[in-house]
Structures are given as C-alpha cells and as structure tokens.
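One file, protein.cif, carrying mmCIF, C-alpha atoms and all ligand atoms:
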```cif
data_query
#
loop_
_atom_site.label_atom_id
_atom_site.label_comp_id
_atom_site.auth_asym_id
_atom_site.auth_seq_id
_atom_site.Cartn_x
_atom_site.Cartn_y
_atom_site.Cartn_z
CA MET A 1 0.00 0.00 0.00
CA MET A 2 1.32 3.47 -0.89
CA HIS A 3 2.32 5.61 2.07
CA GLU A 4 1.82 9.34 1.59
CA THR A 5 4.56 11.43 3.12
CA LYS A 6 4.24 15.04 4.21
CA ASN A 7 6.19 15.71 7.41
CA LEU A 8 9.33 13.69 8.04
CA LEU A 9 11.40 13.32 11.20
CA VAL A 10 14.95 12.32 10.26
CA THR A 11 17.06 11.14 13.19
CA GLY A 12 20.83 11.42 12.82
CA GLY A 13 20.32 13.90 9.99
CA ALA A 14 23.57 15.77 10.71
CA GLY A 15 25.60 12.62 10.05
CA PHE A 16 26.79 11.23 6.76
CA ILE A 17 23.80 9.41 5.26
CA GLY A 18 21.14 11.35 7.18
CA SER A 19 22.35 14.73 5.91
CA ASN A 20 22.51 13.44 2.36
CA PHE A 21 18.98 12.12 2.84
CA ALA A 22 17.71 15.54 4.03
CA HIS A 23 19.24 17.20 0.95
CA TYR A 24 17.88 14.48 -1.32
CA TRP A 25 14.37 14.66 0.11
CA LEU A 26 13.94 18.43 0.02
CA ALA A 27 15.33 18.58 -3.52
CA ARG A 28 12.99 15.85 -4.67
CA TYR A 29 9.90 16.80 -2.63
CA PRO A 30 10.23 20.56 -2.03
CA ALA A 31 6.68 20.90 -0.68
CA GLU A 32 7.31 18.40 2.13
CA ARG A 33 8.80 19.16 5.54
CA VAL A 34 11.97 17.67 6.98
CA VAL A 35 12.75 17.96 10.69
CA VAL A 36 16.21 16.71 11.65
CA LEU A 37 16.80 15.47 15.20
CA ASP A 38 20.48 15.00 15.99
CA ALA A 39 22.53 14.94 19.19
CA LEU A 40 25.63 16.20 17.31
CA THR A 41 28.03 13.55 18.56
CA TYR A 42 31.57 13.55 17.14
CA ALA A 43 30.07 12.17 13.89
CA GLY A 44 27.38 14.84 13.50
CA ASN A 45 28.15 18.12 11.80
CA ARG A 46 25.53 20.81 11.49
CA GLU A 47 27.46 22.35 8.61
CA ASN A 48 26.41 19.35 6.52
CA LEU A 49 22.97 20.99 6.54
CA ASP A 50 24.06 24.60 5.92
CA ALA A 51 22.49 24.73 2.48
CA LEU A 52 19.09 23.83 3.95
CA GLU A 53 18.98 26.28 6.87
CA ALA A 54 17.15 28.98 4.92
CA ASN A 55 14.52 26.57 3.62
CA PRO A 56 11.21 27.18 5.47
CA ASN A 57 10.42 23.45 5.14
CA PHE A 58 13.54 22.51 7.07
CA ARG A 59 14.11 22.52 10.84
CA PHE A 60 17.07 21.34 12.86
CA VAL A 61 16.51 20.18 16.42
CA HIS A 62 19.50 19.50 18.65
CA GLY A 63 18.38 16.57 20.79
CA ASP A 64 18.86 12.97 21.78
CA ILE A 65 16.78 10.05 20.52
CA LEU A 66 16.97 8.67 24.07
CA ASP A 67 14.80 11.57 25.22
CA THR A 68 11.46 9.86 24.54
CA GLY A 69 9.37 12.80 25.80
CA ARG A 70 11.14 15.20 23.46
CA VAL A 71 10.59 12.88 20.50
CA GLU A 72 6.92 12.50 21.42
CA ARG A 73 6.46 16.28 21.56
CA LEU A 74 8.18 16.68 18.20
CA LEU A 75 6.00 14.03 16.57
CA ARG A 76 2.91 15.89 17.78
CA GLU A 77 3.93 19.48 17.19
CA GLU A 78 5.29 18.82 13.68
CA GLN A 79 2.49 16.36 12.81
CA ILE A 80 5.09 13.87 11.71
CA ASP A 81 3.78 11.03 9.54
CA THR A 82 7.12 9.45 8.63
CA LEU A 83 10.12 8.77 10.87
CA VAL A 84 13.36 7.82 9.12
CA HIS A 85 15.82 6.53 11.69
CA PHE A 86 19.53 6.96 10.87
CA ALA A 87 20.88 8.03 14.28
CA ALA A 88 23.43 5.53 15.53
CA GLU A 89 26.92 4.87 16.65
CA SER A 90 28.19 3.61 13.32
CA HIS A 91 31.90 2.81 13.37
CA VAL A 92 32.86 -0.85 13.81
CA ASP A 93 36.34 -0.09 15.20
CA ARG A 94 34.93 2.16 17.90
CA SER A 95 32.45 -0.54 18.88
CA ILE A 96 35.34 -2.91 19.54
CA HIS A 97 37.02 -0.46 21.89
CA GLY A 98 33.83 0.86 23.54
CA PRO A 99 30.68 -1.19 22.97
CA ASP A 100 28.56 0.49 25.68
CA ALA A 101 27.70 3.57 23.63
CA PHE A 102 26.62 1.31 20.77
CA LEU A 103 24.18 -0.68 22.87
CA LYS A 104 22.82 2.49 24.44
CA THR A 105 22.27 4.50 21.26
CA ASN A 106 21.49 1.76 18.80
CA ILE A 107 19.29 -0.47 20.94
CA GLU A 108 17.90 1.76 23.71
CA GLY A 109 17.75 4.76 21.38
CA THR A 110 15.75 2.86 18.79
CA HIS A 111 13.42 1.59 21.49
CA SER A 112 12.94 5.14 22.78
CA LEU A 113 11.80 6.24 19.29
CA LEU A 114 9.47 3.26 18.97
CA LYS A 115 7.85 4.05 22.33
CA ALA A 116 7.27 7.66 21.30
CA ALA A 117 5.90 6.60 17.90
CA LYS A 118 3.53 4.10 19.50
CA ARG A 119 2.19 6.67 21.96
CA VAL A 120 1.56 9.31 19.31
CA TRP A 121 0.58 7.21 16.32
CA LEU A 122 -1.24 4.28 17.93
CA ASP A 123 -2.33 5.13 21.47
CA GLY A 124 -3.83 8.51 20.62
CA GLU A 125 -6.33 9.14 17.88
CA GLY A 126 -4.19 7.25 15.41
CA ARG A 127 -2.58 8.59 12.26
CA ALA A 128 -1.32 7.12 8.98
CA HIS A 129 2.36 6.65 9.66
CA ARG A 130 5.57 4.90 8.72
CA PHE A 131 8.60 4.11 10.89
CA HIS A 132 11.58 3.31 8.67
CA HIS A 133 14.67 1.88 10.33
CA VAL A 134 18.03 2.12 8.54
CA SER A 135 20.24 -0.86 9.28
CA THR A 136 23.29 -2.62 7.90
CA ASP A 137 24.14 -5.80 6.02
CA GLU A 138 26.69 -6.48 8.76
CA VAL A 139 23.87 -8.08 10.75
CA TYR A 140 24.24 -11.06 8.39
CA GLY A 141 27.90 -11.58 9.32
CA THR A 142 30.81 -12.12 6.98
CA LEU A 143 30.47 -13.24 3.39
CA GLU A 144 32.94 -15.92 2.34
CA PRO A 145 34.72 -15.38 -1.00
CA ASP A 146 32.58 -16.64 -3.90
CA ALA A 147 29.56 -17.07 -1.63
CA PRO A 148 26.31 -15.71 -3.07
CA ALA A 149 25.23 -12.28 -1.85
CA PHE A 150 23.24 -12.05 1.36
CA THR A 151 19.50 -12.19 0.99
CA GLU A 152 16.97 -10.99 3.54
CA THR A 153 16.37 -14.58 4.64
CA HIS A 154 20.00 -15.06 5.65
CA PRO A 155 20.27 -15.80 9.38
CA TYR A 156 21.56 -12.99 11.55
CA GLN A 157 25.21 -13.59 12.50
CA PRO A 158 26.54 -10.27 13.77
CA ASN A 159 30.28 -10.39 14.42
CA SER A 160 31.03 -7.06 16.08
CA PRO A 161 29.33 -5.13 18.88
CA TYR A 162 28.25 -2.61 16.22
CA ALA A 163 26.60 -5.30 14.09
CA ALA A 164 25.05 -6.94 17.17
CA SER A 165 23.58 -3.64 18.32
CA LYS A 166 22.08 -3.03 14.88
CA ALA A 167 20.73 -6.60 14.82
CA GLY A 168 19.13 -5.99 18.23
CA SER A 169 17.52 -2.80 17.00
CA ASP A 170 16.14 -4.59 13.90
CA HIS A 171 14.46 -7.17 16.15
CA ILE A 172 12.92 -4.53 18.39
CA VAL A 173 11.53 -2.65 15.38
CA ARG A 174 10.03 -5.86 14.03
CA SER A 175 8.50 -6.67 17.41
CA TYR A 176 6.72 -3.29 17.51
CA HIS A 177 4.93 -4.22 14.31
CA HIS A 178 3.98 -7.71 15.42
CA THR A 179 3.03 -6.77 18.98
CA TYR A 180 1.46 -3.35 18.61
CA GLY A 181 0.76 -2.94 14.88
CA LEU A 182 3.18 -0.07 14.27
CA ASN A 183 3.79 0.37 10.52
CA THR A 184 7.48 -0.38 10.23
CA THR A 185 9.95 -1.12 7.44
CA ILE A 186 13.65 -1.96 7.71
CA SER A 187 16.46 -1.64 5.17
CA ASN A 188 19.86 -3.30 5.44
CA CYS A 189 22.46 -1.71 3.20
CA SER A 190 26.09 -2.20 2.29
CA ASN A 191 28.97 0.31 2.62
CA ASN A 192 27.99 3.81 1.58
CA TYR A 193 30.27 6.41 0.10
CA GLY A 194 29.69 10.04 -0.80
CA PRO A 195 29.92 13.60 0.48
CA TYR A 196 29.87 14.53 4.19
CA GLN A 197 31.29 11.23 5.41
CA PHE A 198 33.33 11.53 8.59
CA PRO A 199 37.02 10.92 7.88
CA GLU A 200 37.34 7.80 9.99
CA LYS A 201 35.78 5.60 7.28
CA LEU A 202 37.90 4.13 4.50
CA ILE A 203 37.38 6.52 1.55
CA PRO A 204 37.46 9.91 3.33
CA LEU A 205 40.26 8.69 5.63
CA MET A 206 42.40 7.80 2.62
CA ILE A 207 41.65 11.11 0.91
CA ALA A 208 42.43 13.05 4.08
CA ASN A 209 45.69 11.20 4.58
CA CYS A 210 46.68 11.75 0.94
CA LEU A 211 46.10 15.48 1.37
CA ASP A 212 48.13 15.47 4.58
CA GLY A 213 50.91 13.38 3.06
CA LYS A 214 50.35 10.69 5.64
CA PRO A 215 50.63 6.92 5.20
CA LEU A 216 47.56 5.13 3.96
CA PRO A 217 46.72 2.52 6.58
CA VAL A 218 45.26 -0.57 5.01
CA TYR A 219 44.23 -3.41 7.24
CA GLY A 220 45.74 -6.79 6.55
CA ASP A 221 46.51 -7.50 2.93
CA GLY A 222 43.77 -5.16 1.75
CA ARG A 223 42.03 -7.97 -0.10
CA GLN A 224 38.83 -7.71 1.95
CA ILE A 225 35.90 -7.31 -0.42
CA ARG A 226 33.17 -4.77 0.20
CA ASP A 227 30.08 -3.80 -1.75
CA TRP A 228 30.00 -0.01 -2.26
CA LEU A 229 26.77 1.92 -2.56
CA TYR A 230 26.63 5.59 -3.53
CA VAL A 231 24.78 7.42 -0.75
CA ASP A 232 22.09 8.91 -2.98
CA ASP A 233 21.45 5.53 -4.57
CA HIS A 234 20.83 4.37 -1.00
CA ASN A 235 18.52 7.33 -0.43
CA ARG A 236 16.56 6.49 -3.57
CA GLY A 237 16.15 2.97 -2.24
CA ILE A 238 14.85 4.28 1.10
CA ASP A 239 12.51 6.64 -0.76
CA LEU A 240 11.05 3.68 -2.68
CA ILE A 241 10.63 1.63 0.48
CA ILE A 242 8.99 4.42 2.49
CA ARG A 243 6.45 5.21 -0.20
CA ASN A 244 5.89 1.81 -1.83
CA GLY A 245 7.32 -0.76 0.54
CA GLU A 246 5.09 -3.10 2.48
CA THR A 247 4.79 -2.70 6.20
CA ASP A 248 6.79 -5.27 8.19
CA ASN A 249 9.07 -5.98 5.25
CA THR A 250 12.83 -6.02 5.34
CA TYR A 251 14.66 -4.78 2.23
CA ASN A 252 18.32 -5.18 1.37
CA ILE A 253 19.85 -2.26 -0.52
CA GLY A 254 23.15 -3.01 -2.24
CA GLY A 255 25.35 -1.41 -4.87
CA ASN A 256 26.18 -4.61 -6.77
CA ASN A 257 29.59 -3.04 -6.83
CA GLU A 258 32.28 -5.07 -5.10
CA TRP A 259 35.83 -3.83 -4.63
CA THR A 260 38.76 -4.96 -2.56
CA ASN A 261 39.90 -2.32 -0.08
CA ILE A 262 43.31 -2.13 -1.70
CA ASP A 263 41.78 -1.46 -5.13
CA ILE A 264 39.69 1.37 -3.67
CA VAL A 265 42.84 2.87 -2.16
CA ALA A 266 44.72 2.53 -5.45
CA LEU A 267 41.84 4.20 -7.29
CA ILE A 268 41.86 7.09 -4.82
CA CYS A 269 45.60 7.50 -5.39
CA ASP A 270 45.06 7.64 -9.15
CA LEU A 271 42.34 10.26 -8.71
CA MET A 272 44.56 12.25 -6.37
CA ASP A 273 47.31 12.17 -8.96
CA GLN A 274 44.88 13.64 -11.48
CA HIS A 275 43.19 16.22 -9.27
CA HIS A 276 45.82 17.08 -6.68
CA PRO A 277 49.06 16.42 -8.55
CA ARG A 278 51.09 18.36 -6.02
CA VAL A 279 50.21 16.02 -3.21
CA SER A 280 52.97 13.47 -2.89
CA LEU A 281 51.55 10.11 -2.00
CA PRO A 282 53.50 7.83 0.30
CA ARG A 283 52.46 4.87 -1.80
CA GLU A 284 55.46 2.77 -1.00
CA ARG A 285 54.07 2.59 2.52
CA PHE A 286 50.91 0.83 1.45
CA TRP A 287 52.36 -2.48 2.40
CA ASP A 288 54.49 -1.18 5.24
CA ILE A 289 51.83 -0.78 7.84
CA PRO A 290 52.14 -3.12 10.80
CA VAL A 291 49.31 -5.59 10.50
CA PRO A 292 47.55 -6.80 13.63
CA LYS A 293 47.51 -10.56 13.78
CA ILE A 294 44.15 -12.21 13.48
CA ASP A 295 43.31 -15.74 14.45
CA SER A 296 41.05 -16.79 11.70
CA PRO A 297 40.80 -15.81 8.06
CA THR A 298 37.04 -15.61 8.38
CA ARG A 299 37.37 -12.63 10.73
CA GLN A 300 39.52 -10.71 8.33
CA PRO A 301 36.87 -9.18 6.11
CA LEU A 302 35.02 -7.82 9.09
CA LEU A 303 37.73 -5.87 10.76
CA PRO A 304 39.37 -3.17 8.71
CA ARG A 305 41.32 -1.26 11.34
CA PRO A 306 42.71 2.07 10.24
CA SER A 307 45.79 2.42 12.40
CA CYS A 308 45.51 6.15 12.79
CA ALA A 309 42.56 8.23 13.94
CA HIS A 310 42.55 11.26 11.70
CA HIS A 311 40.31 13.34 13.90
CA ASP A 312 42.80 13.07 16.76
CA SER A 313 45.68 14.42 14.81
CA VAL A 314 44.17 17.30 12.84
CA PRO A 315 41.93 20.06 14.13
CA HIS A 316 38.49 18.62 13.82
CA ILE A 317 36.63 21.20 11.81
CA ALA A 318 39.54 22.09 9.58
CA ALA A 319 39.83 18.46 8.62
CA LYS A 320 36.17 18.25 7.73
CA LEU A 321 36.28 21.40 5.65
CA LEU A 322 39.42 20.27 3.92
CA VAL A 323 38.08 16.85 3.21
CA ARG A 324 34.59 17.77 2.17
CA ASN A 325 35.38 19.27 -1.22
CA SER A 326 37.83 16.56 -2.04
CA VAL A 327 35.42 13.88 -1.01
CA MET A 328 32.72 15.40 -3.15
CA MET A 329 35.04 15.72 -6.08
CA THR A 330 36.43 12.27 -5.67
CA THR A 331 33.13 10.53 -5.22
CA MET A 332 31.76 12.24 -8.29
CA THR A 333 34.79 11.05 -10.20
CA LEU A 334 34.41 7.57 -8.80
CA ARG A 335 30.95 7.57 -10.27
CA ARG A 336 32.21 8.73 -13.64
CA VAL A 337 34.85 6.03 -13.81
CA GLY A 338 32.22 3.46 -13.08
CA CYS A 339 32.88 2.70 -9.45
CA ALA A 340 29.23 3.18 -8.70
CA ILE A 341 26.21 1.74 -10.30
CA CYS A 342 23.35 4.16 -10.70
CA THR A 343 20.47 1.93 -9.76
CA PRO A 344 20.27 0.51 -6.29
CA TYR A 345 18.87 -2.97 -6.11
CA VAL A 346 16.23 -3.26 -3.48
CA THR A 347 14.96 -6.71 -2.75
CA PRO A 348 11.97 -7.39 -0.58
CA TYR A 349 11.48 -10.20 1.86
CA ARG A 350 7.98 -10.95 3.00
CA SER A 351 8.13 -12.42 6.48
N1 LIG B 401 27.85 4.50 6.54
C1 LIG B 401 27.60 3.29 6.06
O1 LIG B 401 28.30 2.80 5.15
C2 LIG B 401 26.44 2.48 6.60
C3 LIG B 401 26.23 1.21 6.07
C4 LIG B 401 25.14 0.48 6.54
C5 LIG B 401 24.28 1.02 7.48
N2 LIG B 401 24.52 2.26 7.99
C6 LIG B 401 23.58 2.80 8.99
O2 LIG B 401 23.09 4.04 8.51
C7 LIG B 401 22.86 4.94 9.59
C8 LIG B 401 23.60 6.23 9.34
O3 LIG B 401 25.00 5.94 9.19
P1 LIG B 401 26.07 7.12 8.99
O4 LIG B 401 27.25 6.51 8.33
O5 LIG B 401 25.40 8.30 8.39
O6 LIG B 401 26.43 7.44 10.51
P2 LIG B 401 27.19 8.70 11.11
O7 LIG B 401 28.00 8.15 12.22
O8 LIG B 401 27.86 9.49 10.04
O9 LIG B 401 26.02 9.62 11.69
C9 LIG B 401 25.26 9.26 12.82
C10 LIG B 401 24.49 10.49 13.27
O10 LIG B 401 23.68 10.12 14.38
C11 LIG B 401 23.78 11.13 15.37
N3 LIG B 401 23.52 10.52 16.67
C12 LIG B 401 24.27 9.60 17.32
N4 LIG B 401 23.71 9.30 18.51
C13 LIG B 401 22.57 10.03 18.60
C14 LIG B 401 21.55 10.16 19.59
N5 LIG B 401 21.60 9.45 20.73
N6 LIG B 401 20.51 10.99 19.35
C15 LIG B 401 20.45 11.71 18.20
N7 LIG B 401 21.41 11.64 17.24
C16 LIG B 401 22.45 10.81 17.43
C17 LIG B 401 25.20 11.65 15.25
O11 LIG B 401 25.34 12.94 15.82
C18 LIG B 401 25.39 11.64 13.74
O12 LIG B 401 24.95 12.85 13.18
C19 LIG B 401 23.32 4.21 10.85
O13 LIG B 401 22.19 3.68 11.49
C20 LIG B 401 24.22 3.09 10.34
O14 LIG B 401 24.18 1.97 11.19
C21 LIG B 401 25.59 3.01 7.57
#
```
Let me see the file written as structure tokens.
Amino acid sequence: MMHETKNLLVTGGAGFIGSNFAHYWLARYPAERVVVLDALTYAGNRENLDALEANPNFRFVHGDILDTGRVERLLREEQIDTLVHFAAESHVDRSIHGPDAFLKTNIEGTHSLLKAAKRVWLDGEGRAHRFHHVSTDEVYGTLEPDAPAFTETHPYQPNSPYAASKAGSDHIVRSYHHTYGLNTTISNCSNNYGPYQFPEKLIPLMIANCLDGKPLPVYGDGRQIRDWLYVDDHNRGIDLIIRNGETDNTYNIGGNNEWTNIDIVALICDLMDQHHPRVSLPRERFWDIPVPKIDSPTRQPLLPRPSCAHHDSVPHIAAKLLVRNSVMMTTMTLRRVGCAICTPYVTPYRS
C-alpha cells in the first residue's frame, strides 16, 4: 500500500547518510517538511545541513533520541507522519574499543523512538504513519569469498558489537509491528560512500591522509571485499521503500559493486594524482603498515582497522572542511569512472 509522506522526522540527519537524505528529500519533494533530530556527537556536523537552513520546510533540532518525551512532543507538534531513523553509533572499530555507547544509542535509542511513535501514532487518535529503520548488512555476518550475496532470509550472525547492536535494533523494530501494529519497514544496506562522510571511514580517511601526506593505513593485505553503494542511490532505495514498501518488510539495498579495499585505495591515489598532482603520495608505505595478527581468516573481512585516527591528529573542523570538497570531487569522479552503479537494487522479503 502506498504511504503518503508530508512531514518527516529524520534522526541522525547531521551525520553522513542522514544529511545526504535531508538534501535528497527536500530537492525531490520541495513541498514536504523535513525535521532533523540530531545529538551532534563527534560524527554529526551541522554544517552538513548549511544549504538547507534557509529553507522554510527545514528545521534542525539539537536533541537525543533517548529523550522519549522530546521525541513525542516533536512528533505531535510537527504532525510527523514518517520517521526515518539513521541516528546511531556507526563505526565498527569504535564498537570494539567501547561497545557500551553502541548498545545504548542503537538499541535503547531505537526503542525510545518506537515508544514515542507508538504513543503518538497508535495510542492517541491514530494517524497514517511509517517508521523506517536504517540498518546494515553487517547483521548477516561475513560473506565468504565466492559465496552468493546475502538475501533478507540469511540468518543474523553479527560479528562485532556494532553489528550486534544493529541486529538488536532490527528485532525490536520488528516486534513493535507484530506486537502493537506499528507500521514499520527496515532496510539493510552495504557500505555507503559520498559527500559529508566523517574521515574515519575508508574513503574519506584515505583522501584526508593523501592530502596530509600521511601513510595510507590498510588493514591486513587489503584484499577484503566490500560492496559499495553511492549514498544517494541508498537514499533512492529508502525513498522507494517508504512510499511503496510493504509494512513489516525487510529490504536489502546493495550497490552490486564489489571492490577490494586495496583497489579502492589505489583508485583514490590515481584520482589524487589527477586532481591534486602536487600532493605526494606515500604509496610505498601501502604495504608497510604493521598488521595486527588475526586468528582466523574468516574474521579478516570484518575488521578493517585504520591504524591512525585522523580526527585526533588534525583540528576537527579544519579536517572536515578540507576533506569535504575533495570527497565530493572524488566521489563524483568515482561515479564517472564506473565505481558506482546508478540503480540501487532493493529486494523485498515478505516475512
Ligand atoms: N555508513 C555506512 O556505510 C552504513 C552502512 C550500513 C548502514 N549504515 C547505517 O546508517 C545509519 C547512518 O549511518 P552514517 O554513516 O550516516 O552514521 P554517522 O556516524 O555518520 O552519523 C550518525 C548520526 O547520528 C547522530 N547521533 C548519534 N547518537 C545520537 C543520539 N543518541 N541521538 C540523536 N542523534 C544521534 C550523530 O550525531 C550523527 O549525526 C546508521 O544507522 C548506520 O548503522 C551506515
């Protein structure tokens, strides 16, 4: 059944995918309203939304998804009919060093939103609504080489605290449909790339390090394979699911676009050579980085560990400003050279 959208609440909308989603939505549906709720953690950057601030259909609210009362008030006062939930702790490496924040934000935070949505959309007079939860394909675990792609029926086998916390949140969302009748959908996507990504993730980290003349830390032998999805292809997939997807369905969104990490890094170096020829790349150090030992080859694809935290070594904002243009330029070029496909594949699973 088609869901008609008018007023959206976008959690985590100052982060990478959420901010791209806010831009995408207001460009595509200029008559609709987008309210962003974001706690502005280290990963959130209000400047990602600068271009929207003057738009009367846009509002930024600085707040925490754990504040159920605040969310409830927002849902009422803005007459929200569609909640798109991006807010999360999202970096696998950080979840290994500090899992608590991941369980709190990703599981308790998601539950807080569900409670608020139930109170406003179901317990009151009732309103046509949609709760869309953005999740990850990491809930399915690690894909062996040559294994077929994950489908939505693949058993959950999360291998990191991040993936486990996202898996937990998926189950809670599903339970709110089955128990209370909340209209929910879930999407599980692969690795996104695009503008506004925080420079701790592979592509912006490599670009930032190139610009700083720093080594390019590649985990292991760099042969880990990842599927890469351009962020606006992801947003188009979410758009389709929100408006046309069936309640209680899970949808995988992939790029059908697999690369080894080392090939991505080599491509970035080639692009840097073309666009920033004066940057000297410490390429010979690609293979020089000390590699943490891992016990089992099956763990390898899951744990890319950049050995340096860019945000610790460069003034935070300066790094973001420096990186943003280059990331935009580079991702656009990646698209042109065929790194990205233009059509996301979205596959439904009827439970
Ligand atoms: N980036 C990817 O490749 C990828 C892949 C698969 C799934 N996902 C999922 O997509 C979503 C968005 O990912 P991203 O890469 O944009 O993340 P991000 O880390 O760039 O942004 C997360 C945003 O959430 C906000 N936030 C964190 N805790 C909050 C809280 N308690 N209350 C309100 N806001 C809070 C942060 O301030 C930040 O703006 C996440 O749920 C993530 O699990 C991302």
Handout entry: Pick from A:Met2, A:Ala87, A:Val92, A:Ile207, whichever lies nearest to ligand LIG 401 (chain B) using all atoms listed in the file
Key = A:Ala87
If I put a ball of radius 8 Å at (8.8, -2.2, 4.2) in the file's coordinates, which residues poke into it when counting only C-alpha atoms, written as a PDB file with C-alpha atoms, in the coordinates of the input?
```pdb
ATOM      1  CA  HIS A 132      11.580   3.310   8.670  1.00  0.00           C
ATOM      2  CA  THR A 184       7.480  -0.380  10.230  1.00  0.00           C
ATOM      3  CA  THR A 185       9.950  -1.120   7.440  1.00  0.00           C
ATOM      4  CA  ILE A 186      13.650  -1.960   7.710  1.00  0.00           C
ATOM      5  CA  SER A 187      16.460  -1.640   5.170  1.00  0.00           C
ATOM      6  CA  ILE A 241      10.630   1.630   0.480  1.00  0.00           C
ATOM      7  CA  ILE A 242       8.990   4.420   2.490  1.00  0.00           C
ATOM      8  CA  ASN A 244       5.890   1.810  -1.830  1.00  0.00           C
ATOM      9  CA  GLY A 245       7.320  -0.760   0.540  1.00  0.00           C
ATOM     10  CA  GLU A 246       5.090  -3.100   2.480  1.00  0.00           C
ATOM     11  CA  THR A 247       4.790  -2.700   6.200  1.00  0.00           C
ATOM     12  CA  ASP A 248       6.790  -5.270   8.190  1.00  0.00           C
ATOM     13  CA  ASN A 249       9.070  -5.980   5.250  1.00  0.00           C
ATOM     14  CA  THR A 250      12.830  -6.020   5.340  1.00  0.00           C
ATOM     15  CA  TYR A 251      14.660  -4.780   2.230  1.00  0.00           C
ATOM     16  CA  PRO A 348      11.970  -7.390  -0.580  1.00  0.00           C
TER      17      PRO A 348
END
```
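Residues lying within 7 Å of region 162-179 of chain A, counting only C-alpha atoms and ignoring same-chain neighbours fewer than 3 positions away, are Ser90, Val92, Ser95, Phe102, Leu103, Asn106, Ile107, Thr110, His111, Ser135, Glu138, Val139, Pro158, Asn159, Leu182, Asn183, Thr184 and Asp248 of chain A.
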Practice task
Rank A:Pro204, A:Ile253, A:Val71, A:Leu49 by their smallest atom-to-atom distance to Phe150 (chain A), using all atoms listed in the file, and report the top residue only.
Solution key: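 Comparing A:Pro204, A:Ile253, A:Val71, A:Leu49 against Phe150 (chain A), the winner is A:Ile253.
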Practice task
Quick one: everything within 9 Å of Ile225 (chain A), counting all atoms listed in the file, minus sequence neighbours fewer than 3 positions away in the same chain. Send it as a VMD selection string.
Solution key: chain A and resid 143 145 222 258 to 261 301
Problem - Residue neighbourhood region 9-12 of chain A, 9 Å, only C-alpha atoms, exclusion window fewer than 5 positions, as a ChimeraX atom specification - result: /A:17-19,21-22,33-40,44,64-65,74-75,78,80-88
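Comparing the minimum interatomic distances between ligand LIG 401 (chain B) and each of A:Thr105, A:Asn48, A:Asn252, A:Asn257, counting only C-alpha atoms and all ligand atoms, we find that A:Thr105 sits nearest.
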Exercise for the section: Counting all atoms listed in the file, figure out which residue out of A:Thr142, A:Thr5, A:Asn235, A:Asn55 gets nearest to Tyr193 (chain A). Expected result: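 Distance minimum relative to Tyr193 (chain A) lands on A:Asn235.
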Practice task
Can you work out the spacing between CA of Asp100 (chain A) and atom N6 of ligand LIG 401 (chain B) in Å, to one decimal?
Solution key: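 Spanning CA of Asp100 (chain A) to atom N6 of ligand LIG 401 (chain B) is a straight-line distance of 14.7 Å.
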Exercise for the section: Compare A:Asp221, A:Ser190, A:Ile268, A:Arg226 by their minimum atom-to-atom distance to Leu205 (chain A), counting all atoms listed in the file, and give me the closest one. Expected result: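 Selected residue with least distance to Leu205 (chain A): A:Ile268.
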Handout entry: Counting all atoms listed in the file, the option among A:Ile262, A:Ala27, A:Leu114, A:Val231 closest to ligand LIG 401 (chain B)
Key = A:Val231
Do you know which residues are at most 8 Å from Phe16 (chain A) counting all atoms listed in the file, after dropping those on the same chain fewer than 2 positions away, and could you put them as a PDB file with C-alpha atoms, keeping the file's coordinate frame?
```
ATOM      1  CA  GLY A  13      20.320  13.900   9.990  1.00  0.00           C
ATOM      2  CA  ALA A  14      23.570  15.770  10.710  1.00  0.00           C
ATOM      3  CA  GLY A  18      21.140  11.350   7.180  1.00  0.00           C
ATOM      4  CA  SER A  19      22.350  14.730   5.910  1.00  0.00           C
ATOM      5  CA  ASN A  20      22.510  13.440   2.360  1.00  0.00           C
ATOM      6  CA  ALA A  43      30.070  12.170  13.890  1.00  0.00           C
ATOM      7  CA  GLY A  44      27.380  14.840  13.500  1.00  0.00           C
ATOM      8  CA  PRO A 195      29.920  13.600   0.480  1.00  0.00           C
ATOM      9  CA  TYR A 196      29.870  14.530   4.190  1.00  0.00           C
ATOM     10  CA  GLN A 197      31.290  11.230   5.410  1.00  0.00           C
ATOM     11  CA  PHE A 198      33.330  11.530   8.590  1.00  0.00           C
TER      12      PHE A 198
END
```
Practice task
Can you work out the spacing between CA of Glu53 (chain A) and CA of His23 (chain A) in Å, to one decimal?
Solution key: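 We find that CA of Glu53 (chain A) and CA of His23 (chain A) lie 10.8 Å from each other.
Within the 8 Å cut-off around Met206 (chain A), using only C-alpha atoms and omitting residues fewer than 3 positions from it on the same chain, the listed residues are Leu202, Ile203, Asn209, Cys210, Leu216, Pro217, Val265 and Ile268 of chain A.
Between atom O5 of ligand LIG 401 (chain B) and CA of Arg130 (chain A) the interatomic distance comes to 20.1 Å.
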